[in-house]
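K.L.:
Sharing model-v8.csv here; it has CSV, C-alpha atoms.
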```csv
chain,number,residue,atom,x,y,z
A,1,MET,CA,157.4,-135.2,209.4
A,2,GLU,CA,156.4,-135.6,205.8
A,3,GLU,CA,159.0,-133.0,204.8
A,4,VAL,CA,161.7,-134.9,206.8
A,5,ILE,CA,160.8,-138.1,205.0
A,6,LYS,CA,160.9,-136.3,201.6
A,7,ASN,CA,164.3,-134.9,202.4
A,8,THR,CA,165.7,-138.3,203.1
A,9,HIS,CA,165.8,-138.9,199.4
A,10,ALA,CA,168.0,-135.9,198.9
A,11,TYR,CA,170.3,-137.0,201.7
A,12,VAL,CA,170.7,-140.5,200.3
A,13,ASP,CA,171.4,-139.0,196.9
A,14,VAL,CA,174.2,-137.0,198.4
A,15,LEU,CA,175.7,-140.0,200.1
A,16,VAL,CA,175.6,-142.1,196.9
A,17,MET,CA,177.3,-139.3,194.9
A,18,ALA,CA,179.9,-138.9,197.7
A,19,ARG,CA,181.0,-142.5,197.1
A,20,GLY,CA,181.0,-142.5,193.3
A,21,ASP,CA,182.5,-140.7,190.3
A,22,ALA,CA,179.7,-138.0,190.4
A,23,VAL,CA,181.9,-136.2,192.9
A,24,ILE,CA,184.3,-135.2,190.0
A,25,THR,CA,182.0,-132.3,189.1
A,26,TRP,CA,181.6,-131.0,192.7
A,27,GLU,CA,182.8,-127.5,193.5
A,28,LYS,CA,183.3,-125.7,196.8
A,29,GLU,CA,179.6,-124.8,197.0
A,30,THR,CA,178.6,-128.4,196.3
A,31,PHE,CA,180.7,-129.7,199.2
A,32,GLU,CA,179.2,-127.1,201.5
A,33,ARG,CA,175.6,-128.0,200.5
A,34,ALA,CA,176.3,-131.6,201.0
A,35,PHE,CA,177.6,-131.0,204.4
A,36,LYS,CA,174.5,-128.9,205.2
A,37,TRP,CA,172.3,-131.9,204.4
A,38,ALA,CA,174.4,-134.0,206.8
A,39,ARG,CA,174.0,-131.4,209.6
A,40,TYR,CA,170.3,-131.1,208.9
A,41,PHE,CA,169.8,-134.8,209.6
A,42,GLU,CA,172.0,-134.6,212.7
A,43,GLY,CA,169.5,-132.0,213.9
A,44,VAL,CA,166.6,-134.3,212.9
A,45,TYR,CA,168.1,-137.0,215.1
A,46,THR,CA,168.4,-134.6,218.1
A,47,LYS,CA,164.8,-133.5,217.8
A,48,LEU,CA,163.2,-136.9,217.3
A,49,LYS,CA,165.3,-139.0,219.7
A,50,SER,CA,162.9,-138.0,222.5
A,51,LYS,CA,159.9,-139.0,220.4
A,52,PRO,CA,160.0,-142.8,220.0
A,53,ALA,CA,157.0,-143.1,217.7
A,54,LEU,CA,158.3,-140.7,215.1
A,55,ALA,CA,161.8,-142.0,215.4
A,56,GLU,CA,160.6,-145.6,214.7
A,57,LYS,CA,158.5,-144.3,211.7
A,58,LEU,CA,161.6,-142.6,210.2
A,59,ASN,CA,163.7,-145.7,211.0
A,60,LYS,CA,161.4,-147.9,209.0
A,61,TYR,CA,161.4,-145.5,206.1
A,62,LEU,CA,165.2,-145.4,206.1
A,63,ASN,CA,165.4,-149.2,206.1
A,64,ASN,CA,163.7,-149.2,202.7
A,65,PHE,CA,166.9,-147.6,201.2
A,66,ASN,CA,168.9,-150.6,202.6
A,67,LYS,CA,166.7,-152.9,200.4
A,68,THR,CA,167.0,-150.8,197.3
A,69,GLU,CA,169.5,-152.2,194.7
A,70,SER,CA,170.1,-148.8,193.1
A,71,VAL,CA,171.4,-147.3,196.4
A,72,PHE,CA,175.0,-148.2,196.9
A,73,LEU,CA,176.3,-147.3,200.3
A,74,GLY,CA,178.8,-150.0,201.0
A,75,ASN,CA,178.6,-151.5,204.4
A,76,LEU,CA,176.6,-148.6,205.8
A,77,LYS,CA,173.1,-149.6,207.0
A,78,LEU,CA,170.9,-146.5,207.2
A,79,THR,CA,169.0,-146.3,210.5
A,80,PHE,CA,167.6,-143.5,212.6
A,81,LYS,CA,170.6,-144.0,214.9
A,82,SER,CA,173.0,-143.5,212.0
A,83,LEU,CA,171.6,-140.0,211.5
A,84,GLN,CA,173.4,-139.0,214.6
A,85,ILE,CA,176.8,-139.2,212.8
A,86,SER,CA,175.6,-138.0,209.3
A,87,GLY,CA,178.5,-135.6,209.0
A,88,LYS,CA,181.1,-138.2,210.0
A,89,ILE,CA,179.7,-140.6,207.4
A,90,LEU,CA,179.8,-138.0,204.6
A,91,LYS,CA,183.3,-137.0,205.4
A,92,GLN,CA,184.5,-140.7,205.5
A,93,PHE,CA,182.8,-141.4,202.1
A,94,LEU,CA,184.5,-138.4,200.5
A,95,LEU,CA,187.9,-139.1,202.2
A,96,GLN,CA,188.1,-142.6,200.8
A,97,ASN,CA,186.6,-141.7,197.3
A,98,PRO,CA,189.4,-142.4,194.7
A,99,HIS,CA,187.7,-139.9,192.3
A,100,ILE,CA,188.5,-136.9,194.5
A,101,SER,CA,191.1,-134.8,192.7
A,102,SER,CA,194.1,-133.1,194.2
A,103,GLU,CA,192.3,-129.8,193.9
A,104,GLN,CA,189.2,-131.1,195.7
A,105,PHE,CA,191.1,-132.8,198.5
A,106,PRO,CA,191.7,-129.6,200.5
A,107,LEU,CA,187.9,-129.0,200.4
A,108,VAL,CA,187.3,-132.4,201.9
A,109,ILE,CA,189.9,-131.6,204.6
A,110,MET,CA,188.1,-128.3,205.4
A,111,LEU,CA,185.0,-130.3,206.3
A,112,TYR,CA,187.0,-131.6,209.3
A,113,SER,CA,187.5,-127.9,210.3
A,114,VAL,CA,191.2,-128.4,209.4
A,115,ILE,CA,193.0,-125.9,207.2
A,116,ILE,CA,196.0,-127.2,205.3
A,117,GLY,CA,199.0,-125.1,206.2
A,118,GLY,CA,197.1,-123.5,209.1
A,119,ALA,CA,198.0,-123.2,212.8
A,120,ASN,CA,199.5,-126.3,214.6
A,121,GLU,CA,196.9,-126.2,217.4
A,122,GLN,CA,194.1,-127.3,215.1
A,123,ASP,CA,192.1,-130.3,216.4
A,124,THR,CA,192.9,-133.1,213.9
A,125,THR,CA,191.6,-136.1,216.0
A,126,ASP,CA,188.7,-137.0,213.8
A,127,LEU,CA,190.7,-136.6,210.6
A,128,THR,CA,193.5,-138.8,212.0
A,129,GLU,CA,191.1,-141.5,213.1
A,130,ASP,CA,189.4,-141.6,209.7
A,131,LEU,CA,192.7,-141.6,207.9
A,132,VAL,CA,194.0,-144.5,210.0
A,133,ARG,CA,190.8,-146.5,209.4
A,134,ILE,CA,190.9,-145.9,205.7
A,135,CYS,CA,194.6,-146.8,205.4
A,136,GLN,CA,193.9,-150.1,207.3
A,137,LEU,CA,191.1,-150.9,204.9
A,138,LYS,CA,193.1,-150.1,201.8
A,139,GLY,CA,196.0,-152.1,203.2
A,140,CYS,CA,193.8,-155.1,203.9
A,141,MET,CA,192.4,-154.9,200.4
A,142,SER,CA,195.8,-154.6,198.9
A,143,VAL,CA,197.0,-157.7,200.8
A,144,LEU,CA,193.9,-159.7,199.8
A,145,SER,CA,194.3,-158.7,196.2
A,146,ASP,CA,198.0,-159.7,196.3
A,147,MET,CA,197.0,-163.0,197.8
A,148,ARG,CA,194.4,-163.7,195.2
A,149,CYS,CA,197.0,-163.1,192.4
A,150,LYS,CA,199.6,-165.3,194.1
A,151,LEU,CA,197.0,-168.0,194.8
A,152,SER,CA,196.2,-168.3,191.1
A,153,ASP,CA,199.8,-168.7,190.2
A,154,ASP,CA,200.7,-171.0,193.1
A,155,LEU,CA,197.7,-173.3,192.5
A,156,LEU,CA,199.0,-173.9,189.0
A,157,VAL,CA,202.5,-174.7,190.3
A,158,MET,CA,201.1,-176.9,193.1
A,159,THR,CA,198.9,-178.8,190.6
A,160,LYS,CA,201.9,-179.4,188.4
A,161,ARG,CA,204.0,-180.7,191.3
A,162,ASN,CA,201.2,-183.1,192.4
A,163,ASP,CA,200.8,-184.4,188.8
A,164,GLU,CA,204.6,-185.0,188.6
A,165,GLN,CA,204.6,-186.8,191.9
A,166,SER,CA,201.6,-188.9,190.9
A,167,ASN,CA,203.4,-189.9,187.7
A,168,GLY,CA,206.5,-190.9,189.6
A,169,HIS,CA,208.6,-188.0,188.2
A,170,LEU,CA,209.4,-186.6,191.7
A,171,SER,CA,210.7,-188.3,194.8
A,172,ASP,CA,209.2,-187.5,198.2
A,173,ASN,CA,212.1,-185.3,199.2
A,174,GLU,CA,212.0,-183.4,195.9
A,175,TYR,CA,208.3,-183.0,196.3
A,176,ARG,CA,208.7,-181.7,199.9
A,177,TYR,CA,211.4,-179.2,198.8
A,178,ASN,CA,209.5,-177.9,195.8
A,179,THR,CA,206.3,-177.6,197.7
A,180,ALA,CA,208.0,-175.6,200.4
A,181,ARG,CA,209.7,-173.4,197.8
A,182,GLU,CA,206.3,-172.5,196.3
A,183,LEU,CA,204.4,-171.9,199.5
A,184,LYS,CA,203.1,-168.3,199.9
A,185,TRP,CA,200.7,-166.6,202.3
A,186,ALA,CA,198.0,-167.1,199.8
A,187,ASP,CA,198.1,-170.9,200.3
A,188,ILE,CA,195.8,-170.6,203.3
A,189,GLY,CA,192.2,-171.4,202.2
A,190,CYS,CA,189.0,-169.9,203.5
A,191,LEU,CA,190.5,-166.7,204.7
A,192,THR,CA,188.8,-164.8,207.6
A,193,VAL,CA,189.5,-161.4,209.1
A,194,ASP,CA,191.4,-163.2,211.9
A,195,ASP,CA,193.5,-165.1,209.4
A,196,VAL,CA,194.6,-161.9,207.7
A,197,GLY,CA,195.5,-160.5,211.2
A,198,ILE,CA,197.5,-163.6,212.0
A,199,MET,CA,199.3,-163.5,208.7
A,200,SER,CA,200.1,-159.8,209.1
A,201,LEU,CA,201.6,-160.4,212.5
A,202,ALA,CA,203.5,-163.5,211.2
A,203,GLU,CA,205.0,-161.4,208.4
A,204,MET,CA,206.1,-158.7,210.9
A,205,LEU,CA,207.6,-161.4,213.1
A,206,PHE,CA,209.4,-163.0,210.2
A,207,ASN,CA,210.9,-159.6,209.2
A,208,TYR,CA,211.9,-158.9,212.8
A,209,VAL,CA,213.7,-162.2,213.2
A,210,TYR,CA,215.3,-161.8,209.8
A,211,HIS,CA,216.6,-158.4,210.8
A,212,ASN,CA,217.9,-159.6,214.1
A,213,LEU,CA,219.7,-162.6,212.5
A,214,THR,CA,221.3,-160.6,209.7
A,215,CYS,CA,221.7,-157.0,210.8
A,216,SER,CA,221.7,-156.7,214.6
A,217,GLY,CA,224.8,-158.6,215.8
A,218,LYS,CA,222.9,-161.9,216.1
A,219,ASP,CA,221.9,-161.6,219.7
A,220,VAL,CA,220.3,-165.0,219.7
A,221,LYS,CA,219.7,-165.4,223.4
A,222,SER,CA,217.8,-162.1,223.6
A,223,LEU,CA,215.8,-163.1,220.6
A,224,GLN,CA,214.9,-166.4,222.1
A,225,LYS,CA,213.7,-164.7,225.3
A,226,LYS,CA,211.5,-162.4,223.3
A,227,LEU,CA,210.1,-165.3,221.4
A,228,LEU,CA,209.4,-167.2,224.6
A,229,HIS,CA,207.4,-164.3,225.9
A,230,PHE,CA,205.7,-163.8,222.6
A,231,ALA,CA,204.7,-167.5,222.5
A,232,SER,CA,202.9,-167.1,225.9
A,233,GLN,CA,200.7,-164.3,224.4
A,234,ALA,CA,197.3,-164.8,222.8
A,235,ASN,CA,197.8,-166.2,219.2
A,236,GLY,CA,201.5,-166.1,219.8
A,237,LEU,CA,202.1,-169.8,218.9
A,238,GLN,CA,199.8,-169.5,215.9
A,239,VAL,CA,201.8,-166.6,214.6
A,240,ILE,CA,205.1,-168.5,215.1
A,241,ALA,CA,203.7,-171.6,213.4
A,242,SER,CA,202.5,-169.4,210.5
A,243,CYS,CA,206.0,-168.0,210.1
A,244,LEU,CA,207.3,-171.6,209.7
A,245,ALA,CA,204.5,-172.8,207.4
A,246,PHE,CA,204.6,-170.0,204.9
A,247,ILE,CA,207.0,-167.6,203.1
A,248,PRO,CA,206.1,-163.9,203.1
A,249,ALA,CA,205.6,-162.3,199.7
A,250,GLY,CA,208.6,-160.1,200.0
A,251,ILE,CA,211.0,-163.1,200.2
A,252,GLN,CA,211.9,-164.0,196.6
A,253,GLN,CA,214.2,-167.0,197.4
A,254,LEU,CA,213.8,-169.9,199.7
A,255,SER,CA,217.5,-169.5,200.8
A,256,GLN,CA,216.6,-166.1,202.3
A,257,ALA,CA,213.9,-167.7,204.5
A,258,GLY,CA,216.1,-170.6,205.5
A,259,PRO,CA,217.9,-168.9,208.5
A,260,VAL,CA,214.6,-167.6,209.9
A,261,HIS,CA,212.9,-170.9,209.5
A,262,LYS,CA,215.8,-172.8,211.1
A,263,PHE,CA,215.9,-170.4,214.1
A,264,LEU,CA,212.1,-170.6,214.6
A,265,LEU,CA,212.1,-174.4,214.1
A,266,ASN,CA,214.9,-174.9,216.8
A,267,PHE,CA,212.9,-172.6,219.1
A,268,LEU,CA,209.7,-174.5,218.6
A,269,GLU,CA,211.3,-177.9,219.0
A,270,GLY,CA,212.7,-176.9,222.4
A,271,TYR,CA,209.3,-175.3,223.3
A,272,LEU,CA,207.4,-178.5,222.5
A,273,CYS,CA,209.7,-180.5,224.7
A,274,ASN,CA,208.0,-178.9,227.7
A,275,ASN,CA,204.7,-180.9,228.1
A,276,SER,CA,203.1,-178.3,230.3
A,277,VAL,CA,203.0,-175.7,227.4
A,278,ALA,CA,203.1,-178.0,224.4
A,279,ALA,CA,199.4,-178.9,224.8
A,280,ASN,CA,198.5,-175.4,223.7
A,281,PHE,CA,200.4,-175.8,220.4
A,282,TRP,CA,198.4,-178.9,219.5
A,283,GLN,CA,195.2,-176.9,219.9
A,284,LEU,CA,196.1,-174.7,216.9
A,285,PRO,CA,193.9,-174.8,213.7
A,286,LEU,CA,194.4,-178.1,211.9
A,287,ARG,CA,195.4,-176.3,208.6
A,288,ILE,CA,198.4,-174.7,210.5
A,289,LEU,CA,199.4,-177.9,212.3
A,290,SER,CA,199.3,-179.9,209.1
A,291,CYS,CA,201.2,-177.3,207.0
A,292,VAL,CA,204.0,-177.2,209.5
A,293,SER,CA,204.1,-181.0,209.7
A,294,PHE,CA,204.2,-181.4,205.9
A,295,LYS,CA,207.3,-179.1,205.9
A,296,TYR,CA,209.3,-180.3,208.8
A,297,ASP,CA,210.0,-184.0,209.8
A,298,SER,CA,210.8,-183.1,213.4
A,299,ILE,CA,207.4,-181.4,213.9
A,300,LEU,CA,205.6,-184.3,212.1
A,301,ASN,CA,207.3,-186.8,214.4
A,302,MET,CA,206.2,-184.8,217.5
A,303,TYR,CA,202.7,-184.4,216.1
A,304,LEU,CA,202.4,-188.1,215.5
A,305,ASN,CA,203.8,-188.9,218.9
A,306,HIS,CA,201.2,-186.6,220.4
A,307,LEU,CA,198.3,-188.2,218.5
A,308,LEU,CA,199.5,-191.7,219.3
A,309,GLY,CA,199.8,-190.8,223.0
A,310,TRP,CA,196.3,-189.4,222.8
A,311,GLY,CA,195.0,-192.6,221.3
A,312,GLN,CA,196.7,-194.7,224.0
A,313,HIS,CA,194.9,-192.8,226.7
A,314,MET,CA,191.5,-193.5,225.2
A,315,ILE,CA,189.3,-196.1,226.9
A,316,PRO,CA,186.1,-197.7,225.8
A,317,VAL,CA,183.1,-196.9,227.9
A,318,ILE,CA,179.8,-198.9,227.6
A,319,SER,CA,176.6,-197.0,226.9
A,320,LEU,CA,173.1,-198.0,226.2
A,321,GLN,CA,171.4,-197.1,223.0
A,322,GLN,CA,167.9,-197.9,221.5
A,323,CYS,CA,168.0,-200.9,219.2
A,324,GLY,CA,166.2,-200.4,215.9
A,325,ASN,CA,162.6,-199.3,216.2
A,326,THR,CA,162.0,-201.0,219.5
A,327,ARG,CA,161.7,-198.4,222.2
A,328,THR,CA,162.0,-200.8,225.2
A,329,LYS,CA,165.0,-202.8,224.0
A,330,SER,CA,168.5,-201.3,224.4
A,331,CYS,CA,171.8,-202.4,223.0
A,332,GLN,CA,175.2,-202.2,224.7
A,333,VAL,CA,177.7,-200.2,222.6
A,334,TYR,CA,181.0,-198.6,223.6
A,335,GLN,CA,182.3,-195.1,223.1
A,336,TRP,CA,185.9,-193.9,223.4
A,337,ARG,CA,186.8,-191.5,226.2
A,338,TYR,CA,190.1,-189.9,227.2
A,339,LYS,CA,191.6,-190.9,230.5
A,340,THR,CA,194.8,-189.6,232.2
A,341,SER,CA,197.1,-191.9,234.1
A,342,ASN,CA,196.2,-190.2,237.4
A,343,GLU,CA,192.5,-190.0,236.8
A,344,MET,CA,190.3,-191.6,239.4
A,345,THR,CA,186.9,-190.4,238.3
A,346,GLN,CA,185.4,-189.0,235.1
A,347,GLY,CA,185.3,-185.6,236.7
A,348,GLY,CA,189.1,-185.5,236.8
A,349,LEU,CA,189.5,-184.2,233.3
A,350,ASP,CA,190.5,-180.6,232.5
A,351,ASN,CA,189.2,-178.6,229.6
A,352,LEU,CA,192.0,-179.6,227.2
A,353,GLU,CA,191.6,-183.3,228.1
A,354,ARG,CA,187.8,-183.0,227.7
A,355,ALA,CA,188.3,-181.8,224.1
A,356,LYS,CA,190.3,-185.0,223.3
A,357,THR,CA,187.4,-187.0,221.9
A,358,PHE,CA,187.6,-189.8,219.4
A,359,GLU,CA,186.0,-187.6,216.7
A,360,ALA,CA,188.7,-184.9,217.3
A,361,LEU,CA,191.4,-187.5,217.0
A,362,VAL,CA,190.0,-188.6,213.7
A,363,GLU,CA,190.0,-185.0,212.4
A,364,HIS,CA,193.6,-184.5,213.4
A,365,PHE,CA,194.7,-187.7,211.5
A,366,ARG,CA,192.5,-186.8,208.6
A,367,ALA,CA,194.1,-183.4,208.2
A,368,LEU,CA,197.5,-185.2,207.8
A,369,THR,CA,196.3,-188.1,205.6
A,370,ASP,CA,194.6,-185.6,203.2
A,371,GLY,CA,198.1,-184.2,202.6
A,372,PRO,CA,201.1,-185.5,200.5
A,373,ASP,CA,201.5,-189.2,200.0
A,374,TYR,CA,204.6,-189.4,202.1
A,375,VAL,CA,202.7,-188.0,205.1
A,376,LYS,CA,199.8,-190.4,204.5
A,377,ARG,CA,202.2,-193.4,204.5
A,378,ARG,CA,203.9,-192.2,207.7
A,379,CYS,CA,200.5,-191.9,209.4
A,380,ARG,CA,199.3,-195.3,208.2
A,381,ASN,CA,202.6,-197.0,209.3
A,382,ALA,CA,202.5,-195.3,212.7
A,383,ILE,CA,199.0,-196.5,213.4
A,384,GLN,CA,199.8,-200.1,212.2
A,385,ASP,CA,203.0,-200.2,214.3
A,386,VAL,CA,201.3,-199.1,217.5
A,387,GLN,CA,198.4,-201.5,216.8
A,388,ARG,CA,200.9,-204.4,216.4
A,389,GLU,CA,202.7,-203.5,219.6
A,390,ALA,CA,199.4,-203.4,221.5
A,391,LEU,CA,198.6,-206.9,220.2
A,392,LEU,CA,202.0,-208.3,221.1
A,393,SER,CA,201.9,-206.8,224.6
A,394,CYS,CA,198.3,-208.2,225.2
A,395,GLY,CA,197.2,-204.7,226.1
A,396,SER,CA,193.6,-205.2,224.9
A,397,ASN,CA,190.8,-204.1,227.2
A,398,LYS,CA,188.0,-206.1,228.6
A,399,LEU,CA,185.7,-205.3,225.7
A,400,GLY,CA,188.3,-206.4,223.1
A,401,ALA,CA,188.0,-203.0,221.4
A,402,SER,CA,190.9,-201.5,219.5
A,403,ILE,CA,191.2,-197.7,219.2
A,404,TRP,CA,193.6,-198.2,216.3
A,405,ALA,CA,191.3,-200.5,214.3
A,406,ASP,CA,188.4,-198.0,214.8
A,407,LEU,CA,190.6,-195.2,213.8
A,408,GLU,CA,191.6,-196.9,210.6
A,409,LYS,CA,188.0,-197.6,209.7
A,410,ALA,CA,187.1,-194.0,210.4
A,411,LEU,CA,189.9,-192.8,208.0
A,412,LEU,CA,188.8,-195.0,205.1
```
I'd like the structure from this file rewritten - as structure tokens, please.

P.N.:
Amino acid sequence: MEEVIKNTHAYVDVLVMARGDAVITWEKETFERAFKWARYFEGVYTKLKSKPALAEKLNKYLNNFNKTESVFLGNLKLTFKSLQISGKILKQFLLQNPHISSEQFPLVIMLYSVIIGGANEQDTTDLTEDLVRICQLKGCMSVLSDMRCKLSDDLLVMTKRNDEQSNGHLSDNEYRYNTARELKWADIGCLTVDDVGIMSLAEMLFNYVYHNLTCSGKDVKSLQKKLLHFASQANGLQVIASCLAFIPAGIQQLSQAGPVHKFLLNFLEGYLCNNSVAANFWQLPLRILSCVSFKYDSILNMYLNHLLGWGQHMIPVISLQQCGNTRTKSCQVYQWRYKTSNEMTQGGLDNLERAKTFEALVEHFRALTDGPDYVKRRCRNAIQDVQREALLSCGSNKLGASIWADLEKALL
């Protein structure tokens, strides 16, 4: 066991070199020795997996390498279980190492038991899987790098636009046009892996629609049917909304994106007229909803109507809460709860309706009022108008509470 533990240092050194520029000096014999170390530890795993005590001892020792700053193994966490695929890990490290020369590359391929130019019946499954994975990672890194560069440039432009509007140099319409013109994929903040996936799908959808509208005989009806089916799929609506909110990096002029955005906007307007499916759209992330609303008046109007209808279905419900430091004395307060027109009991709400809380309503309005001034004014005016109508129609409740007054306070 002591010898195995001692040999872990040699194995880790091999992995570190396989990821770095030290591999430049490797020759055919070096690649073969490195692979022998990997096979050696695969054999260690096979022998010790039936001996839990020794396996746990080795696992703890391997974990020390994960805490050592001088050991750079990327996302790999060394464990006893990882020894089972030591050969696969080594091959992946070498395959994605940018320091591998064209002369060394065939030696890496040979580790997969594949001979370049050899017979067609060779098993290339492992090689293909690793190549696909590495291409995906490199593609993702390239997209993120491109986004970072564009974000830096676009933030400078957006800051300039905001300053010009604040100083009165731009009208609301000019601001809206210029803002839309400068929007890129990078304008989404706090990117996650899911966001990158959504944006990639959105760019593919954008290019597909663009191709169909410009190069495929303009079969609009067929395209609408496909979009309708796509919208019913998981994340389908978010991908469509992302297409409307942002301009792919490959599109250099706003006029090129115009036909695609117009087609998608017409589709979405018709889609949202169907109340049975529109509810799913309003559940999209707030940053997507607000971006689309900032760009298109028709969507902003629908969004505001949805939020105002949400507020009109809120009713105050009395609850008891402890007053001050007195444990025995309770105070009557009210909370806002969503109620449908056909609801008879509190248990009549579905999941979407249950999510319609006062706090969620505030967050939706705040996402809009944190945007451009023209959107903020529209929201304020809409709230004031519906509040005025409620007062004129004597539609107050028994408690005299006003959802709109509470909403305005919450947005201050």

K.L.:
Do you have the atom CA of Trp282 of chain A-atom CA of Gln312 of chain A distance handy?

P.N.:
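Interatomic distance, atom CA of Trp282 of chain A to atom CA of Gln312 of chain A: 16.5 Å.
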
K.L.:
At what distance in Å, to one decimal, does atom CA of Val16 of chain A lie from atom CA of Leu73 of chain A?

P.N.:
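Computed distance, atom CA of Leu73 of chain A to atom CA of Val16 of chain A, equals 6.3 Å.
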
K.L.:
Counting only C-alpha atoms, which residues have an atom no more than 9 Å from (184.2, -140.6, 197.4) in the file's coordinates? Please list them as a PDB file with C-alpha atoms, in the frame of the given file.

P.N.:
```
ATOM      1  CA  LEU A  15     175.700-140.000 200.100  1.00  0.00           C
ATOM      2  CA  VAL A  16     175.600-142.100 196.900  1.00  0.00           C
ATOM      3  CA  MET A  17     177.300-139.300 194.900  1.00  0.00           C
ATOM      4  CA  ALA A  18     179.900-138.900 197.700  1.00  0.00           C
ATOM      5  CA  ARG A  19     181.000-142.500 197.100  1.00  0.00           C
ATOM      6  CA  GLY A  20     181.000-142.500 193.300  1.00  0.00           C
ATOM      7  CA  ASP A  21     182.500-140.700 190.300  1.00  0.00           C
ATOM      8  CA  ALA A  22     179.700-138.000 190.400  1.00  0.00           C
ATOM      9  CA  VAL A  23     181.900-136.200 192.900  1.00  0.00           C
ATOM     10  CA  LEU A  90     179.800-138.000 204.600  1.00  0.00           C
ATOM     11  CA  LYS A  91     183.300-137.000 205.400  1.00  0.00           C
ATOM     12  CA  GLN A  92     184.500-140.700 205.500  1.00  0.00           C
ATOM     13  CA  PHE A  93     182.800-141.400 202.100  1.00  0.00           C
ATOM     14  CA  LEU A  94     184.500-138.400 200.500  1.00  0.00           C
ATOM     15  CA  LEU A  95     187.900-139.100 202.200  1.00  0.00           C
ATOM     16  CA  GLN A  96     188.100-142.600 200.800  1.00  0.00           C
ATOM     17  CA  ASN A  97     186.600-141.700 197.300  1.00  0.00           C
ATOM     18  CA  PRO A  98     189.400-142.400 194.700  1.00  0.00           C
ATOM     19  CA  HIS A  99     187.700-139.900 192.300  1.00  0.00           C
ATOM     20  CA  ILE A 100     188.500-136.900 194.500  1.00  0.00           C
TER      21      ILE A 100
END
```

K.L.:
One decimal, in Å: what's the spacing between atom CA of Leu111 of chain A and atom CA of Met1 of chain A?

P.N.:
28.2 Å

K.L.:
Would you mind telling me which residue in A:Lys47, A:Lys57, A:Lys356, A:Lys221 lies nearest to His313 of chain A when using all atoms listed in the file?

P.N.:
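Ranked by minimum distance to His313 of chain A, first place goes to A:Lys356.
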
K.L.:
Can you tell me which residues surround His306 of chain A at a distance of at most 10 Å, considering only C-alpha atoms, apart from same-chain residues fewer than 5 positions away, and format the answer as a list of chain:residue names?

P.N.:
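Contacts, in chain order: A:Ala278, A:Ala279, A:Trp282, A:Leu300, A:Asn301, A:Gly311, A:Gln312.
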
K.L.:
Just the residues within 12 Å of Lys409 of chain A, please, counting all atoms listed in the file, with nothing from its chain fewer than 5 positions along; format it as a compact mmCIF listing (two decimals) with C-alpha atoms, in the frame of the given file.

P.N.:
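result.txt, written as the output of this step:
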```
# COMPACT_ATOMS: atom_id res chain seq x y z
CA VAL A 362 190.00 -188.60 213.70
CA ARG A 366 192.50 -186.80 208.60
CA ARG A 380 199.30 -195.30 208.20
CA ILE A 383 199.00 -196.50 213.40
CA SER A 402 190.90 -201.50 219.50
CA ILE A 403 191.20 -197.70 219.20
CA TRP A 404 193.60 -198.20 216.30
```

K.L.:
Find the residues around Lys262 of chain A up to 9 Å (all atoms listed in the file counted), leave out those fewer than 5 positions away in its own chain, and share them as a PyMOL selection string.

P.N.:
chain A and resi 244+257+267

K.L.:
Counting all atoms listed in the file, what is within 10 Å of Phe263 of chain A, bar same-chain residues fewer than 4 positions away, as a PyMOL selection string?

P.N.:
chain A and resi 209-210+213+220+223-224+244+258-259+267-268

K.L.:
Could you tell me which of A:Asn66, A:Ser86, A:Gln387, A:Gln283 comes closest to Ala241 of chain A if we count all atoms listed in the file?

P.N.:
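Closest residue, counting all atoms listed in the file: A:Gln283.
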
K.L.:
What's around Val375 of chain A at 12 Å? Count all atoms listed in the file, leave out sequence neighbours fewer than 2 positions away in its own chain, and write the answer as a short mmCIF file (atom, residue, chain, number, x, y, z; two decimals) with C-alpha atoms, in the coordinates of the input.

P.N.:
```
data_model
loop_
_atom_site.label_atom_id
_atom_site.label_comp_id
_atom_site.auth_asym_id
_atom_site.auth_seq_id
_atom_site.Cartn_x
_atom_site.Cartn_y
_atom_site.Cartn_z
CA ASP A 172 209.20 -187.50 198.20
CA ASN A 173 212.10 -185.30 199.20
CA TYR A 175 208.30 -183.00 196.30
CA ARG A 176 208.70 -181.70 199.90
CA SER A 290 199.30 -179.90 209.10
CA CYS A 291 201.20 -177.30 207.00
CA VAL A 292 204.00 -177.20 209.50
CA SER A 293 204.10 -181.00 209.70
CA PHE A 294 204.20 -181.40 205.90
CA LYS A 295 207.30 -179.10 205.90
CA TYR A 296 209.30 -180.30 208.80
CA ASP A 297 210.00 -184.00 209.80
CA ILE A 299 207.40 -181.40 213.90
CA LEU A 300 205.60 -184.30 212.10
CA ASN A 301 207.30 -186.80 214.40
CA TYR A 303 202.70 -184.40 216.10
CA LEU A 304 202.40 -188.10 215.50
CA PHE A 365 194.70 -187.70 211.50
CA ARG A 366 192.50 -186.80 208.60
CA ALA A 367 194.10 -183.40 208.20
CA LEU A 368 197.50 -185.20 207.80
CA THR A 369 196.30 -188.10 205.60
CA ASP A 370 194.60 -185.60 203.20
CA GLY A 371 198.10 -184.20 202.60
CA PRO A 372 201.10 -185.50 200.50
CA ASP A 373 201.50 -189.20 200.00
CA ARG A 377 202.20 -193.40 204.50
CA ARG A 378 203.90 -192.20 207.70
CA CYS A 379 200.50 -191.90 209.40
CA ARG A 380 199.30 -195.30 208.20
CA ASN A 381 202.60 -197.00 209.30
CA ALA A 382 202.50 -195.30 212.70
#
```
